[in-house]
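What follows is the content of structure00.pdb, which has PDB, C-alpha atoms:
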ATOM      1  CA  PRO D  12       0.000   0.000   0.000
ATOM      2  CA  VAL D  13       1.035   3.604  -0.668
ATOM      3  CA  SER D  14       0.453   5.915   2.271
ATOM      4  CA  GLY D  15       0.350   9.678   1.932
ATOM      5  CA  ALA D  16      -0.756   9.580  -1.708
ATOM      6  CA  ALA D  17      -2.699  12.665  -2.766
ATOM      7  CA  VAL D  18      -6.186  11.891  -4.063
ATOM      8  CA  ARG D  19      -8.177  14.748  -5.577
ATOM      9  CA  LEU D  20     -11.405  14.983  -7.500
ATOM     10  CA  ILE D  21     -11.582  16.641 -10.917
ATOM     11  CA  GLY D  22     -15.048  18.013 -11.623
ATOM     12  CA  ILE D  23     -16.146  18.082  -7.972
ATOM     13  CA  ALA D  24     -14.402  19.712  -5.017
ATOM     14  CA  GLY D  25     -12.611  17.254  -2.748
ATOM     15  CA  SER D  26      -9.157  15.946  -1.838
ATOM     16  CA  VAL D  27      -7.532  13.727   0.783
ATOM     17  CA  LEU D  28      -4.358  11.737   1.555
ATOM     18  CA  THR D  29      -4.279   7.953   1.776
ATOM     19  CA  ASP D  30      -3.772   6.403   5.227
ATOM     20  CA  SER D  31      -1.089   3.926   6.277
ATOM     21  CA  ALA D  32      -3.075   1.131   4.612
ATOM     22  CA  GLY D  33      -3.306   3.066   1.345
ATOM     23  CA  ARG D  34      -7.029   3.628   1.760
ATOM     24  CA  PHE D  35      -8.950   6.855   1.296
ATOM     25  CA  ALA D  36     -12.476   8.260   1.566
ATOM     26  CA  ILE D  37     -13.625  11.611   0.195
ATOM     27  CA  GLU D  38     -16.917  13.284   1.013
ATOM     28  CA  ALA D  39     -18.182  14.984  -2.118
ATOM     29  CA  ALA D  40     -21.288  16.621  -3.513
ATOM     30  CA  PRO D  41     -23.333  14.565  -5.996
ATOM     31  CA  GLY D  42     -22.068  14.676  -9.557
ATOM     32  CA  THR D  43     -19.562  13.150 -11.937
ATOM     33  CA  ALA D  44     -15.837  13.327 -11.273
ATOM     34  CA  THR D  45     -12.493  11.785 -12.141
ATOM     35  CA  LEU D  46      -9.984  10.877  -9.433
ATOM     36  CA  ALA D  47      -6.343  11.940  -9.784
ATOM     37  CA  VAL D  48      -3.970   9.945  -7.567
ATOM     38  CA  SER D  49      -0.321  10.951  -7.146
ATOM     39  CA  ALA D  50       2.554   9.863  -4.946
ATOM     40  CA  PRO D  51       5.995  10.914  -6.283
ATOM     41  CA  PRO D  52       8.279   9.329  -7.373
ATOM     42  CA  LEU D  53       5.597   6.948  -8.702
ATOM     43  CA  ALA D  54       3.624   7.711 -11.855
ATOM     44  CA  PRO D  55       0.234   9.290 -11.070
ATOM     45  CA  ALA D  56      -3.033   7.728 -12.252
ATOM     46  CA  LEU D  57      -6.509   8.803 -13.313
ATOM     47  CA  VAL D  58      -9.578   6.813 -12.260
ATOM     48  CA  GLY D  59     -13.064   7.251 -13.602
ATOM     49  CA  PRO D  60     -15.186   9.036 -14.364
ATOM     50  CA  VAL D  61     -17.288   8.028 -11.375
ATOM     51  CA  THR D  62     -20.785   9.182 -10.472
ATOM     52  CA  VAL D  63     -21.335  10.326  -6.895
ATOM     53  CA  VAL D  64     -24.901   9.861  -5.634
ATOM     54  CA  SER D  65     -26.254  11.447  -2.471
ATOM     55  CA  ALA D  66     -26.051   9.189   0.624
ATOM     56  CA  GLN D  67     -24.259   6.432  -1.328
ATOM     57  CA  THR D  68     -20.649   5.224  -1.304
ATOM     58  CA  VAL D  69     -18.740   4.570  -4.528
ATOM     59  CA  ASP D  70     -15.878   2.062  -4.286
ATOM     60  CA  VAL D  71     -13.346   2.633  -7.087
ATOM     61  CA  GLY D  72     -11.364  -0.466  -6.129
ATOM     62  CA  THR D  73      -7.575  -0.643  -6.145
ATOM     63  CA  VAL D  74      -5.553   2.097  -7.848
ATOM     64  CA  SER D  75      -2.119   0.938  -9.017
ATOM     65  CA  LEU D  76       0.732   3.427  -9.324
ATOM     66  CA  GLY D  77       3.644   2.285 -11.477
ATOM     67  CA  ALA D  78       7.229   3.373 -12.004
ATOM     68  CA  ALA D  79       7.710   6.828 -13.504
ATOM     69  CA  GLY D  80      10.158   8.809 -15.515
ATOM     70  CA  THR D  81      10.548  12.542 -14.972
ATOM     71  CA  ILE D  82      10.339  15.616 -17.159
ATOM     72  CA  THR D  83      12.033  18.755 -15.873
ATOM     73  CA  GLY D  84      12.138  22.280 -17.193
ATOM     74  CA  THR D  85      11.688  25.968 -16.536
ATOM     75  CA  VAL D  86       8.847  28.326 -17.461
ATOM     76  CA  VAL D  87      10.011  31.816 -18.426
ATOM     77  CA  ALA D  88       8.566  35.071 -19.734
ATOM     78  CA  ALA D  89       8.896  35.166 -23.521
ATOM     79  CA  GLU D  90       9.903  38.834 -23.686
ATOM     80  CA  TYR D  91      12.561  39.148 -21.022
ATOM     81  CA  GLY D  92      13.327  35.580 -19.949
ATOM     82  CA  TYR D  93      12.608  35.983 -16.237
ATOM     83  CA  PRO D  94      11.178  32.946 -14.412
ATOM     84  CA  VAL D  95       7.404  32.553 -14.158
ATOM     85  CA  SER D  96       6.371  31.155 -10.789
ATOM     86  CA  SER D  97       3.035  29.492  -9.941
ATOM     87  CA  ALA D  98       2.459  28.323 -13.515
ATOM     88  CA  VAL D  99       0.590  25.019 -13.867
ATOM     89  CA  VAL D 100       2.589  22.475 -15.860
ATOM     90  CA  ALA D 101       0.848  19.260 -16.876
ATOM     91  CA  VAL D 102       0.779  16.324 -19.263
ATOM     92  CA  PRO D 103      -2.678  16.615 -20.878
ATOM     93  CA  GLY D 104      -4.947  13.628 -20.404
ATOM     94  CA  THR D 105      -3.038  12.364 -17.363
ATOM     95  CA  ALA D 106      -2.754  13.148 -13.657
ATOM     96  CA  SER D 107       0.817  14.443 -14.066
ATOM     97  CA  GLU D 108       0.827  18.031 -12.855
ATOM     98  CA  ALA D 109       3.202  20.408 -11.083
ATOM     99  CA  ILE D 110       3.427  24.065 -10.058
ATOM    100  CA  THR D 111       6.535  26.055 -10.949
ATOM    101  CA  ASN D 112       8.601  27.361  -8.027
ATOM    102  CA  TYR D 113      10.070  30.842  -7.552
ATOM    103  CA  ALA D 114      12.719  30.019 -10.181
ATOM    104  CA  GLY D 115      10.087  28.853 -12.704
ATOM    105  CA  ALA D 116      11.345  25.266 -12.383
ATOM    106  CA  PHE D 117       9.195  22.129 -12.350
ATOM    107  CA  THR D 118       9.484  18.363 -12.169
ATOM    108  CA  LEU D 119       6.776  16.086 -13.544
ATOM    109  CA  TYR D 120       6.467  12.390 -12.696
ATOM    110  CA  VAL D 121       5.123  10.718 -15.810
ATOM    111  CA  ALA D 122       4.138   7.187 -16.809
ATOM    112  CA  PRO D 123       6.349   5.624 -19.521
ATOM    113  CA  GLY D 124       5.366   6.448 -23.089
ATOM    114  CA  PRO D 125       4.882   9.558 -25.257
ATOM    115  CA  ALA D 126       4.061  12.759 -23.382
ATOM    116  CA  SER D 127       3.701  16.437 -24.253
ATOM    117  CA  VAL D 128       3.941  19.170 -21.628
ATOM    118  CA  THR D 129       1.593  22.175 -21.400
ATOM    119  CA  ALA D 130       2.264  25.251 -19.269
ATOM    120  CA  THR D 131      -0.495  27.692 -18.295
ATOM    121  CA  LYS D 132      -1.005  30.623 -15.971
ATOM    122  CA  ALA D 133      -3.913  33.038 -15.608
ATOM    123  CA  GLY D 134      -3.185  36.214 -17.559
ATOM    124  CA  TRP D 135      -0.562  34.493 -19.701
ATOM    125  CA  SER D 136      -0.519  32.545 -22.957
ATOM    126  CA  THR D 137      -0.477  28.732 -23.015
ATOM    127  CA  ALA D 138       2.497  26.825 -24.438
ATOM    128  CA  THR D 139       3.020  23.151 -25.268
ATOM    129  CA  VAL D 140       6.325  21.355 -25.885
ATOM    130  CA  GLY D 141       7.034  17.768 -26.938
ATOM    131  CA  PRO D 142       6.095  15.055 -27.423
ATOM    132  CA  PHE D 143       8.822  13.310 -25.446
ATOM    133  CA  THR D 144       9.312   9.583 -24.981
ATOM    134  CA  VAL D 145       9.349   8.902 -21.255
ATOM    135  CA  VAL D 146      11.241   5.885 -19.907
ATOM    136  CA  ALA D 147      10.772   4.634 -16.341
ATOM    137  CA  GLY D 148      13.664   5.654 -14.124
ATOM    138  CA  SER D 149      15.009   8.217 -16.627
ATOM    139  CA  SER D 150      14.737  11.999 -16.783
ATOM    140  CA  ILE D 151      14.041  14.260 -19.779
ATOM    141  CA  ALA D 152      15.005  17.932 -19.871
ATOM    142  CA  ALA D 153      12.250  19.917 -21.588
ATOM    143  CA  GLY D 154      14.337  23.091 -21.459
ATOM    144  CA  THR D 155      12.682  26.494 -21.150
ATOM    145  CA  ILE D 156       9.003  27.000 -21.942
ATOM    146  CA  PRO D 157       8.237  30.642 -22.844
ATOM    147  CA  LEU D 158       4.886  32.202 -21.940
ATOM    148  CA  THR D 159       3.707  35.601 -23.134
ATOM    149  CA  ARG D 160       2.095  37.811 -20.517
ATOM    150  CA  TRP D 161      -1.266  39.007 -21.759
ATOM    151  CA  GLY D 162      -2.332  42.597 -21.982
ATOM    152  CA  ALA D 163      -5.812  44.002 -21.427
ATOM    153  CA  VAL D 164      -8.304  46.480 -22.809
ATOM    154  CA  THR D 165     -10.716  48.436 -20.638
ATOM    155  CA  GLY D 166     -13.359  51.103 -21.131
ATOM    156  CA  ASN D 167     -16.847  52.388 -20.363
ATOM    157  CA  VAL D 168     -20.127  52.071 -22.268
ATOM    158  CA  LEU D 169     -22.752  54.810 -21.941
ATOM    159  CA  ALA D 170     -26.217  55.523 -23.347
ATOM    160  CA  ASP D 171     -26.088  58.072 -26.151
ATOM    161  CA  ASP D 172     -29.128  60.025 -24.952
ATOM    162  CA  ASP D 173     -28.245  60.664 -21.303
ATOM    163  CA  ASP D 174     -24.679  59.356 -20.726
ATOM    164  CA  SER D 175     -25.936  56.815 -18.183
ATOM    165  CA  PRO D 176     -23.791  53.672 -17.799
ATOM    166  CA  ILE D 177     -25.130  50.556 -19.525
ATOM    167  CA  GLU D 178     -24.815  47.264 -17.662
ATOM    168  CA  GLY D 179     -24.740  43.915 -19.468
ATOM    169  CA  VAL D 180     -23.240  45.043 -22.768
ATOM    170  CA  THR D 181     -21.347  42.228 -24.509
ATOM    171  CA  VAL D 182     -17.924  43.360 -25.682
ATOM    172  CA  THR D 183     -16.289  41.095 -28.274
ATOM    173  CA  LEU D 184     -12.736  41.469 -29.553
ATOM    174  CA  SER D 185     -12.088  40.674 -33.211
ATOM    175  CA  GLY D 186     -10.182  37.557 -34.208
ATOM    176  CA  GLY D 187     -11.315  35.584 -31.176
ATOM    177  CA  GLY D 188      -9.348  37.854 -28.845
ATOM    178  CA  GLY D 189     -11.844  37.502 -26.011
ATOM    179  CA  THR D 190     -15.169  38.704 -24.672
ATOM    180  CA  GLY D 191     -16.374  40.608 -21.655
ATOM    181  CA  THR D 192     -19.497  42.172 -20.151
ATOM    182  CA  THR D 193     -19.960  45.619 -18.664
ATOM    183  CA  ASP D 194     -20.727  45.889 -14.957
ATOM    184  CA  SER D 195     -23.211  48.173 -13.198
ATOM    185  CA  SER D 196     -20.868  51.115 -13.828
ATOM    186  CA  GLY D 197     -20.760  50.348 -17.550
ATOM    187  CA  THR D 198     -17.109  49.309 -17.236
ATOM    188  CA  PHE D 199     -15.441  46.298 -18.839
ATOM    189  CA  THR D 200     -11.951  44.794 -18.815
ATOM    190  CA  ILE D 201     -10.830  41.978 -21.102
ATOM    191  CA  SER D 202      -7.507  40.140 -20.854
ATOM    192  CA  CYS D 203      -6.089  39.303 -24.265
ATOM    193  CA  ALA D 204      -2.941  38.246 -26.047
ATOM    194  CA  PRO D 205      -0.842  41.152 -27.327
ATOM    195  CA  GLY D 206      -2.159  42.156 -30.753
ATOM    196  CA  THR D 207      -4.332  44.486 -32.811
ATOM    197  CA  TYR D 208      -8.112  44.321 -32.385
ATOM    198  CA  THR D 209     -11.422  46.067 -32.815
ATOM    199  CA  ALA D 210     -14.165  45.778 -30.177
ATOM    200  CA  THR D 211     -17.851  45.232 -30.959
ATOM    201  CA  PHE D 212     -20.448  46.389 -28.388
ATOM    202  CA  SER D 213     -23.937  44.898 -28.398
ATOM    203  CA  LYS D 214     -26.989  44.711 -26.181
ATOM    204  CA  ALA D 215     -30.678  44.166 -26.897
ATOM    205  CA  GLY D 216     -32.530  47.482 -27.032
ATOM    206  CA  PHE D 217     -29.449  49.396 -28.227
ATOM    207  CA  GLY D 218     -27.626  49.885 -31.490
ATOM    208  CA  THR D 219     -24.378  48.019 -32.083
ATOM    209  CA  ALA D 220     -21.079  49.919 -32.124
ATOM    210  CA  VAL D 221     -17.581  48.973 -33.312
ATOM    211  CA  SER D 222     -14.423  50.647 -32.039
ATOM    212  CA  TRP D 223     -11.432  51.770 -34.053
ATOM    213  CA  GLU D 224      -8.399  49.468 -34.214
ATOM    214  CA  PHE D 225      -6.198  49.424 -31.142
ATOM    215  CA  THR D 226      -3.117  47.473 -30.088
ATOM    216  CA  THR D 227      -2.534  45.797 -26.730
ATOM    217  CA  TRP D 228       0.904  44.913 -25.408
ATOM    218  CA  SER D 229       2.367  42.412 -22.959
ATOM    219  CA  GLY D 230       1.569  43.363 -19.367
ATOM    220  CA  GLY D 231      -0.123  46.632 -20.336
ATOM    221  CA  THR D 232      -3.709  47.899 -20.357
ATOM    222  CA  TYR D 233      -5.170  49.862 -23.266
ATOM    223  CA  THR D 234      -8.033  52.236 -22.365
ATOM    224  CA  LEU D 235     -10.674  52.909 -25.004
ATOM    225  CA  TRP D 236     -12.515  56.204 -25.100
ATOM    226  CA  ASP D 237     -16.076  56.038 -23.789
ATOM    227  CA  THR D 238     -18.338  54.125 -26.158
ATOM    228  CA  ARG D 239     -21.906  55.388 -26.599
ATOM    229  CA  LEU D 240     -24.756  53.195 -27.771
ATOM    230  CA  VAL D 241     -27.950  54.576 -29.301
ATOM    231  CA  ARG D 242     -30.999  53.527 -27.331
ATOM    232  CA  HIS D 243     -33.694  52.008 -29.543
ATOM    233  CA  GLY D 244     -37.235  53.280 -29.352
ATOM    234  CA  VAL D 245     -40.310  51.046 -29.145
ATOM    235  CA  ALA D 246     -43.227  51.227 -31.573
ATOM    236  CA  THR D 247     -46.535  49.762 -30.425
ATOM    237  CA  GLY D 248     -49.861  49.404 -32.122
ATOM    238  CA  LEU D 249     -52.983  47.405 -32.905
ATOM    239  CA  VAL D 250     -53.785  45.669 -36.186
ATOM    240  CA  THR D 251     -57.483  45.216 -36.977
ATOM    241  CA  SER D 252     -59.564  43.918 -39.824
ATOM    242  CA  SER D 253     -60.824  46.587 -42.203
ATOM    243  CA  ALA D 254     -63.998  44.532 -42.638
ATOM    244  CA  ASP D 255     -65.211  44.291 -39.058
ATOM    245  CA  GLY D 256     -62.604  46.050 -36.885
ATOM    246  CA  GLN D 257     -61.664  42.869 -35.033
ATOM    247  CA  PRO D 258     -58.026  42.416 -33.835
ATOM    248  CA  LEU D 259     -55.860  40.319 -36.167
ATOM    249  CA  PRO D 260     -53.405  37.917 -34.459
ATOM    250  CA  GLY D 261     -50.238  36.611 -36.134
ATOM    251  CA  VAL D 262     -49.789  39.518 -38.543
ATOM    252  CA  ARG D 263     -46.148  40.261 -39.393
ATOM    253  CA  VAL D 264     -45.106  43.857 -38.644
ATOM    254  CA  ALA D 265     -41.714  45.046 -39.954
ATOM    255  CA  VAL D 266     -39.681  48.251 -39.978
ATOM    256  CA  LEU D 267     -39.581  49.548 -43.547
ATOM    257  CA  GLY D 268     -36.067  49.193 -44.948
ATOM    258  CA  GLY D 269     -34.849  47.386 -41.814
ATOM    259  CA  SER D 270     -34.381  43.831 -40.599
ATOM    260  CA  VAL D 271     -36.486  44.081 -37.423
ATOM    261  CA  SER D 272     -39.922  42.473 -37.374
ATOM    262  CA  THR D 273     -42.461  40.906 -35.040
ATOM    263  CA  ASN D 274     -45.932  39.362 -35.096
ATOM    264  CA  THR D 275     -49.105  40.613 -33.507
ATOM    265  CA  GLY D 276     -50.282  38.785 -30.429
ATOM    266  CA  SER D 277     -53.630  37.121 -29.875
ATOM    267  CA  ASP D 278     -55.108  40.555 -29.154
ATOM    268  CA  GLY D 279     -53.765  42.026 -32.392
ATOM    269  CA  ARG D 280     -51.256  44.222 -30.594
ATOM    270  CA  PHE D 281     -47.524  44.465 -31.298
ATOM    271  CA  ALA D 282     -44.407  46.077 -29.867
ATOM    272  CA  ILE D 283     -41.283  46.376 -31.956
ATOM    273  CA  THR D 284     -37.889  47.744 -30.910
TER     274      THR D 284
END
As structure tokens, how would this structure be written, given the file I've shared?
Amino acid sequence: PVSGAAVRLIGIAGSVLTDSAGRFAIEAAPGTATLAVSAPPLAPALVGPVTVVSAQTVDVGTVSLGAAGTITGTVVAAEYGYPVSSAVVAVPGTASEAITNYAGAFTLYVAPGPASVTATKAGWSTATVGPFTVVAGSSIAAGTIPLTRWGAVTGNVLADDDDSPIEGVTVTLSGGGGTGTTDSSGTFTISCAPGTYTATFSKAGFGTAVSWEFTTWSGGTYTLWDTRLVRHGVATGLVTSSADGQPLPGVRVAVLGGSVSTNTGSDGRFAIT
């Protein structure tokens, strides 16, 4: 038995260490999860997925941890080469995972076979190196893995008629750069990779606006001028039969020369923005 092995749930909150007999029990909320079991210098293992049901116990049986090889390396900033601490380094599809130390260094314990290594950190780009061929008892040097620190764009969105802040506006950067939503103050901030973008602003009941091109840079924040959206008006009315004056349901009503339309309700009335 392996005592002191770390057992954590992926998909549901929960973690625990195995006891001296190698056994473990985790209390978890109902749902579906995968178990990640690790005990360096052994190779970690994934178990599952398993379904947790309220007031029931799920026995996953015996989890075997085999011999491992190691992959070492250092995560650095792409621009200046300084170490990036607290980055998550993992072998995708496995339980092999490590956190870089203050020097950006990491060591992964990996099951024998082909393995690629992915490094991530919030506010930074993601990088993948490999694949490497891991052999039990041997170590592979992955070298340095460069990450680019993201920049950000921020700004405010106001109503064109009274300059009041607009909450809930969707802000979308071109080229898949990212999306955000304005808060109660009409303010948004979007983290994005350094690059050149335009921003599109949209919300039901308002016209859509597109910003000019702007460029974000690593570690910096670009501030857009205030964006103003035109508030749409609402047209209402009643459609009746010219023969008997009765309301007409299901009649299509459209804005001439526009793409907005609606149908009258069962009472013949309509409202169109």
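Minimum distance to Thr73 of chain D across D:Val264, D:Val164, D:Ala126, D:Val48 (counting all atoms listed in the file) occurs at D:Val48.
Separating atom CA of Ser196 of chain D from atom CA of Gly179 of chain D is a distance of 9.9 Å.
The coordinates place atom CA of Pro103 of chain D at 18.7 Å from atom CA of Ile23 of chain D.
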To verify the selection step, state as a VMD selection string which residues the PyMOL selection byres ((chain D and resi 174) around 12) yields on this input.
chain D and resid 167 to 173 175 to 177 196 to 197 237 to 242
Output C-alpha atoms for every residue in the selection just made, as a PDB file, in the coordinates of the input.
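As written to disk, out27.pdb reads:
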ATOM      1  CA  ASN D 167     -16.847  52.388 -20.363  1.00  0.00           C
ATOM      2  CA  VAL D 168     -20.127  52.071 -22.268  1.00  0.00           C
ATOM      3  CA  LEU D 169     -22.752  54.810 -21.941  1.00  0.00           C
ATOM      4  CA  ALA D 170     -26.217  55.523 -23.347  1.00  0.00           C
ATOM      5  CA  ASP D 171     -26.088  58.072 -26.151  1.00  0.00           C
ATOM      6  CA  ASP D 172     -29.128  60.025 -24.952  1.00  0.00           C
ATOM      7  CA  ASP D 173     -28.245  60.664 -21.303  1.00  0.00           C
ATOM      8  CA  SER D 175     -25.936  56.815 -18.183  1.00  0.00           C
ATOM      9  CA  PRO D 176     -23.791  53.672 -17.799  1.00  0.00           C
ATOM     10  CA  ILE D 177     -25.130  50.556 -19.525  1.00  0.00           C
ATOM     11  CA  SER D 196     -20.868  51.115 -13.828  1.00  0.00           C
ATOM     12  CA  GLY D 197     -20.760  50.348 -17.550  1.00  0.00           C
ATOM     13  CA  ASP D 237     -16.076  56.038 -23.789  1.00  0.00           C
ATOM     14  CA  THR D 238     -18.338  54.125 -26.158  1.00  0.00           C
ATOM     15  CA  ARG D 239     -21.906  55.388 -26.599  1.00  0.00           C
ATOM     16  CA  LEU D 240     -24.756  53.195 -27.771  1.00  0.00           C
ATOM     17  CA  VAL D 241     -27.950  54.576 -29.301  1.00  0.00           C
ATOM     18  CA  ARG D 242     -30.999  53.527 -27.331  1.00  0.00           C
TER      19      ARG D 242
END
Using all atoms listed in the file, I'd like a table of the residues in segment 67-99 of chain D that come within 10 Å of segment 31-41 of chain D; for each, show the closest atom pair and its distance in Å rounded to one decimal, ordered by chain and ascending number, as a Markdown table.
| residue | atom | partner | partner_atom | distance |
| --- | --- | --- | --- | --- |
| D:Gln67 | CA | D:Pro41 | CA | 9.4 |
| D:Thr68 | CA | D:Ala36 | CA | 9.2 |
| D:Val69 | CA | D:Ala36 | CA | 9.5 |
| D:Asp70 | CA | D:Ala36 | CA | 9.2 |
| D:Gly72 | CA | D:Arg34 | CA | 9.9 |
| D:Thr73 | CA | D:Arg34 | CA | 9.0 |
| D:Val74 | CA | D:Gly33 | CA | 9.5 |
Please tell me which residues are no farther than 7 Å from (-16.7, 8.2, -9.9) in the file, counting all atoms listed in the file, and write them as a PyMOL selection string.
chain D and resi 43-45+59-63+69
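Here the question is which of D:Gly25, D:Gly92, D:Pro51, D:Gly104 gets nearest to Leu76 of chain D using all atoms listed in the file, and that residue is D:Pro51.
When the PyMOL selection byres ((chain D and resi 202) around 8) is run on the displayed coordinates, the residues it returns are Gly134, Trp161, Gly162, Ala163, Val164, Gly189, Thr200, Ile201, Cys203 and Ala204 of chain D.
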Could the residues in this selection be saved with C-alpha atoms as a compact mmCIF listing (two decimals), in the coordinates of the input?
# COMPACT_ATOMS: atom_id res chain seq x y z
CA GLY D 134 -3.18 36.21 -17.56
CA TRP D 161 -1.27 39.01 -21.76
CA GLY D 162 -2.33 42.60 -21.98
CA ALA D 163 -5.81 44.00 -21.43
CA VAL D 164 -8.30 46.48 -22.81
CA GLY D 189 -11.84 37.50 -26.01
CA THR D 200 -11.95 44.79 -18.82
CA ILE D 201 -10.83 41.98 -21.10
CA CYS D 203 -6.09 39.30 -24.26
CA ALA D 204 -2.94 38.25 -26.05
Hits of the PyMOL selection byres ((chain D and resi 53) around 10) in this structure, as number ranges by chain
D: 13, 16, 49-52, 54-56, 75-81, 120-122, 147-148
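Note that atom CA of Glu90 of chain D and atom CA of Ala109 of chain D are 23.3 Å apart.
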Just checking: using all atoms listed in the file, which residue out of D:Leu259, D:Ala116, D:Ala220, D:Val146 ends up closest to Ala130 of chain D?
D:Ala116
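Within the 12 Å cut-off around Tyr93 of chain D, using all atoms listed in the file and omitting residues fewer than 6 positions from it on the same chain, the listed residues are D:Thr85, D:Val86, D:Val87, D:Tyr113, D:Ala114, D:Gly115, D:Ala116, D:Thr155, D:Ile156, D:Pro157, D:Leu158, D:Thr159, D:Arg160.
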Let me know the centre plus edge lengths, in Å and rounded to one decimal, of a box with edges along x, y and z that contains all listed atoms of segment 133-150 of chain D and is padded by 4 Å on every side, as AutoDock Vina command-line options.
--center_x 5.5 --center_y 20.4 --center_z -20.8 --size_x 26.9 --size_y 39.6 --size_z 21.3
Could you list, as a VMD selection string, every residue within 10 Å of Ala47 of chain D, counting all atoms listed in the file and ignoring same-chain residues fewer than 4 positions away?
chain D and resid 17 to 21 26 55 to 59 105 to 108
Can you take segment 226-244 of chain D from the block and write N, CA and C atoms as a compact mmCIF listing (two decimals), in the first residue's frame?
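out.txt, freshly written:
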# COMPACT_ATOMS: atom_id res chain seq x y z
N THR D 226 -4.14 48.50 -30.29
CA THR D 226 -3.12 47.47 -30.09
C THR D 226 -2.83 47.32 -28.60
N THR D 227 -2.90 46.09 -28.11
CA THR D 227 -2.53 45.80 -26.73
C THR D 227 -1.11 45.25 -26.69
N TRP D 228 -0.48 45.35 -25.54
CA TRP D 228 0.90 44.91 -25.41
C TRP D 228 1.05 44.07 -24.14
N SER D 229 2.13 43.33 -24.07
CA SER D 229 2.37 42.41 -22.96
C SER D 229 2.43 43.16 -21.63
N GLY D 230 1.55 42.78 -20.70
CA GLY D 230 1.57 43.36 -19.37
C GLY D 230 0.93 44.73 -19.25
N GLY D 231 0.44 45.29 -20.38
CA GLY D 231 -0.12 46.63 -20.34
C GLY D 231 -1.63 46.63 -20.52
N THR D 232 -2.26 47.75 -20.21
CA THR D 232 -3.71 47.90 -20.36
C THR D 232 -4.01 49.08 -21.27
N TYR D 233 -4.75 48.81 -22.34
CA TYR D 233 -5.17 49.86 -23.27
C TYR D 233 -6.57 50.34 -22.85
N THR D 234 -6.75 51.66 -22.75
CA THR D 234 -8.03 52.24 -22.37
C THR D 234 -8.71 52.86 -23.57
N LEU D 235 -9.88 52.33 -23.92
CA LEU D 235 -10.67 52.91 -25.00
C LEU D 235 -11.41 54.15 -24.52
N TRP D 236 -11.63 55.09 -25.43
CA TRP D 236 -12.52 56.20 -25.10
C TRP D 236 -13.91 55.67 -24.81
N ASP D 237 -14.71 56.47 -24.10
CA ASP D 237 -16.08 56.04 -23.79
C ASP D 237 -16.83 55.68 -25.08
N THR D 238 -17.53 54.57 -25.03
CA THR D 238 -18.34 54.12 -26.16
C THR D 238 -19.80 54.42 -25.85
N ARG D 239 -20.50 55.04 -26.80
CA ARG D 239 -21.91 55.39 -26.60
C ARG D 239 -22.78 54.59 -27.55
N LEU D 240 -23.81 53.97 -26.98
CA LEU D 240 -24.76 53.19 -27.77
C LEU D 240 -26.07 53.95 -27.88
N VAL D 241 -26.66 53.91 -29.07
CA VAL D 241 -27.95 54.58 -29.30
C VAL D 241 -29.07 53.69 -28.78
N ARG D 242 -29.88 54.27 -27.90
CA ARG D 242 -31.00 53.53 -27.33
C ARG D 242 -32.13 53.42 -28.36
N HIS D 243 -32.60 52.19 -28.60
CA HIS D 243 -33.69 52.01 -29.54
C HIS D 243 -35.02 52.46 -28.94
N GLY D 244 -35.88 52.99 -29.78
CA GLY D 244 -37.24 53.28 -29.35
C GLY D 244 -38.12 52.06 -29.51
